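S.K.: One file: final_18.pdb (PDB, C-alpha atoms).
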ATOM      1  CA  GLN N 413       0.000   0.000   0.000  1.00  0.00           C
ATOM      2  CA  LYS N 414       1.321   3.422  -0.927  1.00  0.00           C
ATOM      3  CA  GLU N 415       1.813   5.951   1.847  1.00  0.00           C
ATOM      4  CA  VAL N 416      -0.274   8.508  -0.046  1.00  0.00           C
ATOM      5  CA  GLU N 417      -3.001   7.806  -2.584  1.00  0.00           C
ATOM      6  CA  GLN N 418      -4.256  10.399  -5.035  1.00  0.00           C
ATOM      7  CA  ASP N 419      -6.528   9.995  -8.022  1.00  0.00           C
ATOM      8  CA  PRO N 420      -4.408  10.945 -11.045  1.00  0.00           C
ATOM      9  CA  GLY N 421      -7.399  12.149 -13.042  1.00  0.00           C
ATOM     10  CA  PRO N 422      -7.395  13.770 -15.500  1.00  0.00           C
ATOM     11  CA  LEU N 423     -10.149  16.049 -14.300  1.00  0.00           C
ATOM     12  CA  SER N 424     -11.863  18.511 -16.642  1.00  0.00           C
ATOM     13  CA  VAL N 425     -14.275  21.151 -15.394  1.00  0.00           C
ATOM     14  CA  PRO N 426     -15.907  24.233 -16.927  1.00  0.00           C
ATOM     15  CA  GLU N 427     -14.730  27.657 -15.876  1.00  0.00           C
ATOM     16  CA  GLY N 428     -16.393  28.808 -12.669  1.00  0.00           C
ATOM     17  CA  ALA N 429     -16.924  25.307 -11.297  1.00  0.00           C
ATOM     18  CA  ILE N 430     -15.953  24.206  -7.812  1.00  0.00           C
ATOM     19  CA  VAL N 431     -13.125  21.684  -7.913  1.00  0.00           C
ATOM     20  CA  SER N 432     -12.536  19.079  -5.238  1.00  0.00           C
ATOM     21  CA  LEU N 433      -9.186  17.297  -5.059  1.00  0.00           C
ATOM     22  CA  ASN N 434      -8.475  14.595  -2.514  1.00  0.00           C
ATOM     23  CA  CYS N 435      -5.787  12.401  -1.027  1.00  0.00           C
ATOM     24  CA  THR N 436      -5.866   9.577   1.460  1.00  0.00           C
ATOM     25  CA  TYR N 437      -2.960   8.337   3.507  1.00  0.00           C
ATOM     26  CA  SER N 438      -2.070   5.425   5.720  1.00  0.00           C
ATOM     27  CA  ASN N 439       0.455   6.831   8.208  1.00  0.00           C
ATOM     28  CA  SER N 440      -1.298   8.291  11.236  1.00  0.00           C
ATOM     29  CA  ALA N 441       1.939  10.038  12.247  1.00  0.00           C
ATOM     30  CA  PHE N 442       1.677  12.560   9.417  1.00  0.00           C
ATOM     31  CA  GLN N 443       1.164  16.030  10.890  1.00  0.00           C
ATOM     32  CA  TYR N 444       2.018  18.419   8.077  1.00  0.00           C
ATOM     33  CA  PHE N 445      -0.141  18.538   4.973  1.00  0.00           C
ATOM     34  CA  MET N 446       0.536  20.513   1.857  1.00  0.00           C
ATOM     35  CA  TRP N 447      -0.904  21.121  -1.569  1.00  0.00           C
ATOM     36  CA  TYR N 448       1.354  22.047  -4.433  1.00  0.00           C
ATOM     37  CA  ARG N 449       0.491  23.188  -7.941  1.00  0.00           C
ATOM     38  CA  GLN N 450       2.817  22.170 -10.731  1.00  0.00           C
ATOM     39  CA  TYR N 451       2.711  23.493 -14.269  1.00  0.00           C
ATOM     40  CA  SER N 452       4.247  21.411 -17.008  1.00  0.00           C
ATOM     41  CA  ARG N 453       8.035  21.262 -16.752  1.00  0.00           C
ATOM     42  CA  LYS N 454       8.126  23.553 -13.732  1.00  0.00           C
ATOM     43  CA  GLY N 455       8.831  22.983 -10.071  1.00  0.00           C
ATOM     44  CA  PRO N 456       5.911  22.582  -7.645  1.00  0.00           C
ATOM     45  CA  GLU N 457       4.547  25.783  -6.127  1.00  0.00           C
ATOM     46  CA  LEU N 458       3.299  25.691  -2.543  1.00  0.00           C
ATOM     47  CA  LEU N 459      -0.401  26.545  -2.428  1.00  0.00           C
ATOM     48  CA  MET N 460      -1.606  25.532   1.003  1.00  0.00           C
ATOM     49  CA  TYR N 461       0.085  24.404   4.175  1.00  0.00           C
ATOM     50  CA  THR N 462      -1.740  22.928   7.145  1.00  0.00           C
ATOM     51  CA  TYR N 463      -0.504  21.614  10.442  1.00  0.00           C
ATOM     52  CA  SER N 464      -2.639  18.867  11.999  1.00  0.00           C
ATOM     53  CA  SER N 465      -6.416  18.832  11.478  1.00  0.00           C
ATOM     54  CA  GLY N 466      -8.789  21.552  10.419  1.00  0.00           C
ATOM     55  CA  ASN N 467      -9.594  23.900   7.579  1.00  0.00           C
ATOM     56  CA  LYS N 468      -7.562  26.663   6.036  1.00  0.00           C
ATOM     57  CA  GLU N 469      -8.765  29.185   3.493  1.00  0.00           C
ATOM     58  CA  ASP N 470      -6.728  31.384   1.186  1.00  0.00           C
ATOM     59  CA  GLY N 471      -8.629  33.263  -1.470  1.00  0.00           C
ATOM     60  CA  ARG N 472     -10.351  30.769  -3.752  1.00  0.00           C
ATOM     61  CA  PHE N 473      -8.553  27.827  -2.150  1.00  0.00           C
ATOM     62  CA  THR N 474      -9.646  25.864   0.920  1.00  0.00           C
ATOM     63  CA  ALA N 475      -7.666  22.994   2.397  1.00  0.00           C
ATOM     64  CA  GLN N 476      -9.259  20.492   4.749  1.00  0.00           C
ATOM     65  CA  VAL N 477      -7.582  17.840   6.858  1.00  0.00           C
ATOM     66  CA  ASP N 478      -9.495  15.045   8.552  1.00  0.00           C
ATOM     67  CA  LYS N 479      -6.938  13.059  10.512  1.00  0.00           C
ATOM     68  CA  SER N 480      -9.517  10.646  11.891  1.00  0.00           C
ATOM     69  CA  SER N 481     -10.299   9.520   8.344  1.00  0.00           C
ATOM     70  CA  LYS N 482      -6.744  10.083   7.050  1.00  0.00           C
ATOM     71  CA  TYR N 483      -8.202  12.213   4.289  1.00  0.00           C
ATOM     72  CA  ILE N 484      -7.267  15.629   2.969  1.00  0.00           C
ATOM     73  CA  SER N 485      -8.973  17.828   0.409  1.00  0.00           C
ATOM     74  CA  LEU N 486      -8.334  20.923  -1.622  1.00  0.00           C
ATOM     75  CA  PHE N 487     -11.290  22.945  -2.896  1.00  0.00           C
ATOM     76  CA  ILE N 488     -10.966  25.524  -5.632  1.00  0.00           C
ATOM     77  CA  ARG N 489     -13.883  27.939  -5.994  1.00  0.00           C
ATOM     78  CA  ASP N 490     -14.690  29.837  -9.187  1.00  0.00           C
ATOM     79  CA  SER N 491     -12.090  27.858 -11.092  1.00  0.00           C
ATOM     80  CA  GLN N 492     -10.183  29.677 -13.828  1.00  0.00           C
ATOM     81  CA  PRO N 493      -8.359  28.409 -16.931  1.00  0.00           C
ATOM     82  CA  SER N 494      -5.141  29.515 -15.240  1.00  0.00           C
ATOM     83  CA  ASP N 495      -5.822  26.896 -12.542  1.00  0.00           C
ATOM     84  CA  SER N 496      -5.150  24.197 -15.143  1.00  0.00           C
ATOM     85  CA  ALA N 497      -2.158  22.299 -13.753  1.00  0.00           C
ATOM     86  CA  THR N 498      -1.225  19.190 -11.826  1.00  0.00           C
ATOM     87  CA  TYR N 499      -2.039  19.359  -8.120  1.00  0.00           C
ATOM     88  CA  LEU N 500       0.107  17.353  -5.732  1.00  0.00           C
ATOM     89  CA  CYS N 501      -0.693  16.602  -2.134  1.00  0.00           C
ATOM     90  CA  ALA N 502       2.231  16.058   0.213  1.00  0.00           C
ATOM     91  CA  MET N 503       2.655  15.247   3.861  1.00  0.00           C
ATOM     92  CA  ARG N 504       5.256  14.427   6.473  1.00  0.00           C
ATOM     93  CA  GLN N 505       5.820  13.617  10.106  1.00  0.00           C
ATOM     94  CA  THR N 506       7.097  16.011  12.725  1.00  0.00           C
ATOM     95  CA  GLY N 507      10.887  16.152  12.682  1.00  0.00           C
ATOM     96  CA  ALA N 508      11.173  14.034   9.554  1.00  0.00           C
ATOM     97  CA  ASN N 509      12.813  15.212   6.373  1.00  0.00           C
ATOM     98  CA  ASN N 510      10.996  12.950   3.995  1.00  0.00           C
ATOM     99  CA  LEU N 511       7.990  14.454   2.256  1.00  0.00           C
ATOM    100  CA  PHE N 512       5.543  11.903   0.837  1.00  0.00           C
ATOM    101  CA  PHE N 513       3.812  12.984  -2.342  1.00  0.00           C
ATOM    102  CA  GLY N 514       0.668  11.840  -4.043  1.00  0.00           C
ATOM    103  CA  THR N 515       0.942  11.045  -7.727  1.00  0.00           C
ATOM    104  CA  GLY N 516      -0.769  14.319  -8.631  1.00  0.00           C
ATOM    105  CA  THR N 517      -4.126  15.114 -10.248  1.00  0.00           C
ATOM    106  CA  ARG N 518      -4.159  16.767 -13.650  1.00  0.00           C
ATOM    107  CA  LEU N 519      -6.806  19.480 -13.761  1.00  0.00           C
ATOM    108  CA  THR N 520      -8.053  21.258 -16.870  1.00  0.00           C
ATOM    109  CA  VAL N 521     -10.427  24.195 -16.541  1.00  0.00           C
ATOM    110  CA  ILE N 522     -12.233  24.754 -19.815  1.00  0.00           C
ATOM    111  CA  PRO N 523     -13.095  28.368 -20.741  1.00  0.00           C
TER     112      PRO N 523
ATOM    113  CA  GLY I 413       6.753  32.901  -0.368  1.00  0.00           C
ATOM    114  CA  ALA I 414      10.434  32.147  -0.340  1.00  0.00           C
ATOM    115  CA  VAL I 415      12.334  31.854  -3.623  1.00  0.00           C
ATOM    116  CA  VAL I 416      14.464  28.938  -4.719  1.00  0.00           C
ATOM    117  CA  SER I 417      16.445  29.337  -7.913  1.00  0.00           C
ATOM    118  CA  GLN I 418      17.578  26.336  -9.926  1.00  0.00           C
ATOM    119  CA  HIS I 419      19.924  26.381 -12.925  1.00  0.00           C
ATOM    120  CA  PRO I 420      20.100  25.384 -15.646  1.00  0.00           C
ATOM    121  CA  SER I 421      16.498  24.865 -16.735  1.00  0.00           C
ATOM    122  CA  TRP I 422      17.500  22.665 -19.661  1.00  0.00           C
ATOM    123  CA  VAL I 423      20.684  20.787 -20.398  1.00  0.00           C
ATOM    124  CA  ILE I 424      21.577  18.443 -23.209  1.00  0.00           C
ATOM    125  CA  CYS I 425      24.804  16.514 -22.923  1.00  0.00           C
ATOM    126  CA  LYS I 426      26.660  13.634 -24.512  1.00  0.00           C
ATOM    127  CA  SER I 427      26.780  10.253 -22.861  1.00  0.00           C
ATOM    128  CA  GLY I 428      29.743   9.963 -20.502  1.00  0.00           C
ATOM    129  CA  THR I 429      29.952  13.625 -19.572  1.00  0.00           C
ATOM    130  CA  SER I 430      29.111  15.160 -16.209  1.00  0.00           C
ATOM    131  CA  VAL I 431      26.447  17.764 -15.544  1.00  0.00           C
ATOM    132  CA  LYS I 432      26.166  20.095 -12.564  1.00  0.00           C
ATOM    133  CA  ILE I 433      22.841  21.520 -11.398  1.00  0.00           C
ATOM    134  CA  GLU I 434      22.714  24.395  -8.909  1.00  0.00           C
ATOM    135  CA  CYS I 435      20.034  25.127  -6.360  1.00  0.00           C
ATOM    136  CA  ARG I 436      20.040  28.423  -4.472  1.00  0.00           C
ATOM    137  CA  SER I 437      17.776  29.798  -1.786  1.00  0.00           C
ATOM    138  CA  LEU I 438      17.619  33.481  -2.693  1.00  0.00           C
ATOM    139  CA  ASP I 439      16.041  35.133   0.306  1.00  0.00           C
ATOM    140  CA  PHE I 440      16.559  32.702   3.148  1.00  0.00           C
ATOM    141  CA  GLN I 441      19.151  30.341   4.542  1.00  0.00           C
ATOM    142  CA  ALA I 442      18.507  26.642   4.142  1.00  0.00           C
ATOM    143  CA  THR I 443      20.409  24.150   6.245  1.00  0.00           C
ATOM    144  CA  THR I 444      18.552  21.376   4.489  1.00  0.00           C
ATOM    145  CA  MET I 445      17.865  20.984   0.794  1.00  0.00           C
ATOM    146  CA  PHE I 446      16.408  18.075  -1.111  1.00  0.00           C
ATOM    147  CA  TRP I 447      16.878  16.654  -4.586  1.00  0.00           C
ATOM    148  CA  TYR I 448      14.044  14.957  -6.429  1.00  0.00           C
ATOM    149  CA  ARG I 449      13.654  13.217  -9.735  1.00  0.00           C
ATOM    150  CA  GLN I 450      10.439  13.195 -11.700  1.00  0.00           C
ATOM    151  CA  PHE I 451       9.499  11.069 -14.687  1.00  0.00           C
ATOM    152  CA  PRO I 452       6.730  12.141 -17.076  1.00  0.00           C
ATOM    153  CA  LYS I 453       3.274  12.025 -15.511  1.00  0.00           C
ATOM    154  CA  GLN I 454       4.691  10.665 -12.273  1.00  0.00           C
ATOM    155  CA  SER I 455       5.176  12.197  -8.881  1.00  0.00           C
ATOM    156  CA  LEU I 456       8.412  13.345  -7.336  1.00  0.00           C
ATOM    157  CA  MET I 457      10.871  10.770  -6.101  1.00  0.00           C
ATOM    158  CA  LEU I 458      13.231  11.854  -3.345  1.00  0.00           C
ATOM    159  CA  MET I 459      16.828  11.110  -4.275  1.00  0.00           C
ATOM    160  CA  ALA I 460      18.772  12.599  -1.402  1.00  0.00           C
ATOM    161  CA  THR I 461      18.766  15.040   1.478  1.00  0.00           C
ATOM    162  CA  SER I 462      21.527  17.628   1.403  1.00  0.00           C
ATOM    163  CA  ASN I 463      22.744  19.033   4.707  1.00  0.00           C
ATOM    164  CA  GLU I 464      24.960  22.103   4.902  1.00  0.00           C
ATOM    165  CA  GLY I 465      28.451  21.190   5.998  1.00  0.00           C
ATOM    166  CA  SER I 466      27.939  17.447   6.067  1.00  0.00           C
ATOM    167  CA  LYS I 467      27.470  14.504   3.749  1.00  0.00           C
ATOM    168  CA  ALA I 468      24.223  14.028   1.929  1.00  0.00           C
ATOM    169  CA  THR I 469      21.838  11.262   2.875  1.00  0.00           C
ATOM    170  CA  TYR I 470      20.800   9.169  -0.112  1.00  0.00           C
ATOM    171  CA  GLU I 471      17.580   7.238  -0.529  1.00  0.00           C
ATOM    172  CA  GLN I 472      17.687   3.522  -1.134  1.00  0.00           C
ATOM    173  CA  GLY I 473      18.604   2.678  -4.693  1.00  0.00           C
ATOM    174  CA  VAL I 474      20.233   6.037  -5.474  1.00  0.00           C
ATOM    175  CA  GLU I 475      23.938   5.738  -6.336  1.00  0.00           C
ATOM    176  CA  LYS I 476      25.902   8.261  -4.299  1.00  0.00           C
ATOM    177  CA  ASP I 477      28.906   8.018  -6.629  1.00  0.00           C
ATOM    178  CA  LYS I 478      26.738   8.827  -9.619  1.00  0.00           C
ATOM    179  CA  PHE I 479      24.781  11.662  -8.094  1.00  0.00           C
ATOM    180  CA  LEU I 480      27.255  13.826  -6.191  1.00  0.00           C
ATOM    181  CA  ILE I 481      25.729  16.368  -3.848  1.00  0.00           C
ATOM    182  CA  ASN I 482      27.557  19.278  -2.285  1.00  0.00           C
ATOM    183  CA  HIS I 483      25.961  21.722   0.153  1.00  0.00           C
ATOM    184  CA  ALA I 484      28.835  24.080   0.754  1.00  0.00           C
ATOM    185  CA  SER I 485      26.880  27.062   2.061  1.00  0.00           C
ATOM    186  CA  LEU I 486      23.527  27.871   3.618  1.00  0.00           C
ATOM    187  CA  THR I 487      22.188  29.069   0.280  1.00  0.00           C
ATOM    188  CA  LEU I 488      23.663  26.687  -2.281  1.00  0.00           C
ATOM    189  CA  SER I 489      23.438  22.974  -2.996  1.00  0.00           C
ATOM    190  CA  THR I 490      24.690  21.329  -6.169  1.00  0.00           C
ATOM    191  CA  LEU I 491      23.872  18.014  -7.796  1.00  0.00           C
ATOM    192  CA  THR I 492      26.410  16.598 -10.229  1.00  0.00           C
ATOM    193  CA  VAL I 493      25.342  13.750 -12.452  1.00  0.00           C
ATOM    194  CA  THR I 494      28.617  11.990 -13.232  1.00  0.00           C
ATOM    195  CA  SER I 495      29.232  10.001 -16.406  1.00  0.00           C
ATOM    196  CA  ALA I 496      25.676  10.602 -17.516  1.00  0.00           C
ATOM    197  CA  HIS I 497      23.872   8.004 -19.617  1.00  0.00           C
ATOM    198  CA  PRO I 498      20.578   8.176 -21.509  1.00  0.00           C
ATOM    199  CA  GLU I 499      18.762   6.462 -18.633  1.00  0.00           C
ATOM    200  CA  ASP I 500      19.689   9.443 -16.436  1.00  0.00           C
ATOM    201  CA  SER I 501      17.534  11.669 -18.630  1.00  0.00           C
ATOM    202  CA  SER I 502      14.846  13.055 -16.379  1.00  0.00           C
ATOM    203  CA  PHE I 503      13.454  16.160 -14.702  1.00  0.00           C
ATOM    204  CA  TYR I 504      15.447  17.022 -11.572  1.00  0.00           C
ATOM    205  CA  ILE I 505      13.981  19.329  -8.943  1.00  0.00           C
ATOM    206  CA  CYS I 506      15.516  20.735  -5.791  1.00  0.00           C
ATOM    207  CA  SER I 507      13.773  22.089  -2.751  1.00  0.00           C
ATOM    208  CA  ALA I 508      14.873  24.028   0.301  1.00  0.00           C
ATOM    209  CA  ARG I 509      13.427  23.931   3.759  1.00  0.00           C
ATOM    210  CA  TRP I 510      12.403  27.305   5.119  1.00  0.00           C
ATOM    211  CA  GLU I 511      12.411  27.347   8.896  1.00  0.00           C
ATOM    212  CA  THR I 512      10.609  30.417  10.182  1.00  0.00           C
ATOM    213  CA  GLY I 513      10.655  29.482  13.826  1.00  0.00           C
ATOM    214  CA  GLY I 514       8.729  26.732  15.538  1.00  0.00           C
ATOM    215  CA  ILE I 515       8.143  23.222  14.297  1.00  0.00           C
ATOM    216  CA  THR I 516       4.804  24.173  12.811  1.00  0.00           C
ATOM    217  CA  ASN I 517       6.340  26.652  10.425  1.00  0.00           C
ATOM    218  CA  GLU I 518       8.737  24.568   8.381  1.00  0.00           C
ATOM    219  CA  LYS I 519       7.907  24.785   4.698  1.00  0.00           C
ATOM    220  CA  LEU I 520       9.452  23.389   1.555  1.00  0.00           C
ATOM    221  CA  PHE I 521       9.915  25.578  -1.488  1.00  0.00           C
ATOM    222  CA  PHE I 522      10.902  24.147  -4.832  1.00  0.00           C
ATOM    223  CA  GLY I 523      13.154  25.249  -7.634  1.00  0.00           C
ATOM    224  CA  SER I 524      11.841  25.408 -11.186  1.00  0.00           C
ATOM    225  CA  GLY I 525      13.470  22.132 -12.172  1.00  0.00           C
ATOM    226  CA  THR I 526      16.113  21.030 -14.663  1.00  0.00           C
ATOM    227  CA  GLN I 527      15.303  18.883 -17.681  1.00  0.00           C
ATOM    228  CA  LEU I 528      18.341  16.721 -18.428  1.00  0.00           C
ATOM    229  CA  SER I 529      18.598  14.987 -21.776  1.00  0.00           C
ATOM    230  CA  VAL I 530      21.547  12.661 -22.307  1.00  0.00           C
ATOM    231  CA  LEU I 531      22.246  11.753 -25.920  1.00  0.00           C
TER     232      LEU I 531
END
Could you render the structure from this file as C-alpha cells?

M.R.:
Amino acid sequence: QKEVEQDPGPLSVPEGAIVSLNCTYSNSAFQYFMWYRQYSRKGPELLMYTYSSGNKEDGRFTAQVDKSSKYISLFIRDSQPSDSATYLCAMRQTGANNLFFGTGTRLTVIP
Amino acid sequence: GAVVSQHPSWVICKSGTSVKIECRSLDFQATTMFWYRQFPKQSLMLMATSNEGSKATYEQGVEKDKFLINHASLTLSTLTVTSAHPEDSSFYICSARWETGGITNEKLFFGSGTQLSVL
C-alpha cells in the first residue's frame, strides 16, 4: 500500500466550477499537509500548508484535513483556466525530512 | 513565499559527460535541501537530502557516486550527475526547507526544475 493515494485524473471542469481534489494516507503520524500546484516542466509551487487537522482558506482555495479519516482535500472555488495544472498533495511527520507525495491530479479548466 | 532558484532549466549533454545543477535559496538560509527526480506524468521521487556542511543522505537505490551532492553554504546545494547516460535523462527538482521558527512553520519551497537529456 502506498503511503499517499491520489486519483491521477485527468479532471476537466468548466470555468467557474468548484473543484474538489483529494488524497488519502495510511500513516497516522503525518502532521504536516501541503498542496502544491505544478505546471508542465516547472517545479511545484506551494499553495496551502496545514498543520494537523482543520480547515484553512486562502482566497479561492480551501484545504481540509481530517486526521480521523486520514483524508485531505483541496477545494478551488470559481475555477479559472489559469488553474489548469497538476495538483500534488504532500505530507510528512514532525521532525522528519521525507515528504511523501501523491501522484498528482491533472486538472483542466475549460473556458 | 520564499524563492528557490535552480539552474540550468535545460541541459543536453553527450553520454559519458558530467552535468552540474545548482540550487540556491535566494532570500533565506537553508540548512537542508532536497533533490528529487520526476518522470513524465509521475510524482516526485526523493533522491537525497543535502545538509549544509555534512554529507548528503541518499535514498535507497540512489547511487551516491553517480549523483554527487555538495551543500557548501547555507544558500547553495549542487547536484552533479557523473558520467551521464541516456537512462539518467529526467526532470530534476531541488527544494529548500524554510524554517521560520517553531516546528509548525517549516515549509518546503521548490526550484523550477532542470530537464536533463543525455544523448

S.K.: Please write as JSON, numbers by chain the list of polymer residues whose atoms come within 7 Å of (-9.5, 23.5, -6.3), counting all atoms listed in the file and keeping to the coordinates of the file.

M.R.: {"N": [430, 431, 432, 433, 473, 486, 487, 488, 489, 491]}

S.K.: Any chance you could resolve the PyMOL selection byres ((chain I and resi 498-505) around 9) against this file and give the residues as a ChimeraX atom specification?

M.R.: /N:453-456 /I:418,426-427,433,435,446-452,456,493,496-497,506-507,522-531

S.K.: Expanded to explicit residues, what is the PyMOL selection byres ((chain I and resi 480) around 8) for this file, as a CSV table (one decimal) with C-alpha atoms, in the coordinates of the input?

M.R.:
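Listed below is the output, part-v6.csv:
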chain,number,residue,atom,x,y,z
I,476,LYS,CA,25.9,8.3,-4.3
I,477,ASP,CA,28.9,8.0,-6.6
I,478,LYS,CA,26.7,8.8,-9.6
I,479,PHE,CA,24.8,11.7,-8.1
I,481,ILE,CA,25.7,16.4,-3.8
I,482,ASN,CA,27.6,19.3,-2.3
I,490,THR,CA,24.7,21.3,-6.2
I,491,LEU,CA,23.9,18.0,-7.8
I,492,THR,CA,26.4,16.6,-10.2
I,493,VAL,CA,25.3,13.8,-12.5
I,494,THR,CA,28.6,12.0,-13.2

S.K.: Kindly assemble as a Markdown table a list of the chain N residues that lie within 12 Å of chain I, each paired with its nearest atom pair and their distance in Å to one decimal, using only C-alpha atoms, sorted first by chain and then by ascending residue number.

M.R.:
| residue | atom | partner | partner_atom | distance |
| --- | --- | --- | --- | --- |
| N:Val416 | CA | I:Ser455 | CA | 11.0 |
| N:Glu417 | CA | I:Ser455 | CA | 11.2 |
| N:Gln418 | CA | I:Ser455 | CA | 10.3 |
| N:Asp419 | CA | I:Ser455 | CA | 11.9 |
| N:Pro420 | CA | I:Lys453 | CA | 9.0 |
| N:Gly421 | CA | I:Lys453 | CA | 11.0 |
| N:Pro422 | CA | I:Lys453 | CA | 10.8 |
| N:Gln443 | CA | I:Thr516 | CA | 9.1 |
| N:Tyr444 | CA | I:Thr516 | CA | 8.0 |
| N:Phe445 | CA | I:Lys519 | CA | 10.2 |
| N:Met446 | CA | I:Lys519 | CA | 9.0 |
| N:Trp447 | CA | I:Leu520 | CA | 11.1 |
| N:Tyr448 | CA | I:Phe521 | CA | 9.7 |
| N:Arg449 | CA | I:Phe522 | CA | 10.9 |
| N:Gln450 | CA | I:Ser524 | CA | 9.6 |
| N:Tyr451 | CA | I:Ser524 | CA | 9.8 |
| N:Ser452 | CA | I:Lys453 | CA | 9.6 |
| N:Arg453 | CA | I:Gly525 | CA | 7.2 |
| N:Lys454 | CA | I:Ser524 | CA | 4.9 |
| N:Gly455 | CA | I:Ser524 | CA | 4.0 |
| N:Pro456 | CA | I:Phe522 | CA | 5.9 |
| N:Glu457 | CA | I:Phe522 | CA | 6.7 |
| N:Leu458 | CA | I:Phe521 | CA | 6.7 |
| N:Leu459 | CA | I:Gly413 | CA | 9.8 |
| N:Met460 | CA | I:Lys519 | CA | 10.2 |
| N:Tyr461 | CA | I:Lys519 | CA | 7.8 |
| N:Thr462 | CA | I:Thr516 | CA | 8.7 |
| N:Tyr463 | CA | I:Thr516 | CA | 6.4 |
| N:Ser464 | CA | I:Thr516 | CA | 9.2 |
| N:Ala497 | CA | I:Lys453 | CA | 11.8 |
| N:Thr498 | CA | I:Lys453 | CA | 9.2 |
| N:Tyr499 | CA | I:Ser455 | CA | 10.2 |
| N:Leu500 | CA | I:Ser455 | CA | 7.9 |
| N:Cys501 | CA | I:Ser455 | CA | 10.0 |
| N:Ala502 | CA | I:Leu456 | CA | 10.1 |
| N:Met503 | CA | I:Leu520 | CA | 10.9 |
| N:Arg504 | CA | I:Lys519 | CA | 10.8 |
| N:Gln505 | CA | I:Ile515 | CA | 10.7 |
| N:Thr506 | CA | I:Ile515 | CA | 7.5 |
| N:Gly507 | CA | I:Ile515 | CA | 7.8 |
| N:Ala508 | CA | I:Ile515 | CA | 10.8 |
| N:Asn509 | CA | I:Thr461 | CA | 7.7 |
| N:Asn510 | CA | I:Leu458 | CA | 7.8 |
| N:Leu511 | CA | I:Leu458 | CA | 8.1 |
| N:Phe512 | CA | I:Leu458 | CA | 8.8 |
| N:Phe513 | CA | I:Ser455 | CA | 6.7 |
| N:Gly514 | CA | I:Ser455 | CA | 6.6 |
| N:Thr515 | CA | I:Ser455 | CA | 4.5 |
| N:Gly516 | CA | I:Ser455 | CA | 6.3 |
| N:Thr517 | CA | I:Lys453 | CA | 9.6 |
| N:Arg518 | CA | I:Lys453 | CA | 9.0 |

S.K.: Kindly give the distance, in Å, that separates atom CA of I:Arg436 and atom CA of I:Ala484, rounded to a single decimal.

M.R.: 11.1 Å

S.K.: Quick one: pull the distance between atom CA of I:Asp439 and atom CA of I:Ser489, Å, one decimal.

M.R.: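 Computed distance, atom CA of I:Asp439 to atom CA of I:Ser489, equals 14.6 Å.
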
S.K.: Take atom CA of I:Gln472 and atom CA of I:Gln441 and report the distance between them in Å, one decimal.

M.R.: 27.5 Å

S.K.: Counting all atoms listed in the file, which of N:Gln476, N:Gln492, N:Ser440, N:Ser481 gets nearest to N:Gly428?

M.R.: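 Ranking N:Gln476, N:Gln492, N:Ser440, N:Ser481 by distance to N:Gly428, first place goes to N:Gln492.
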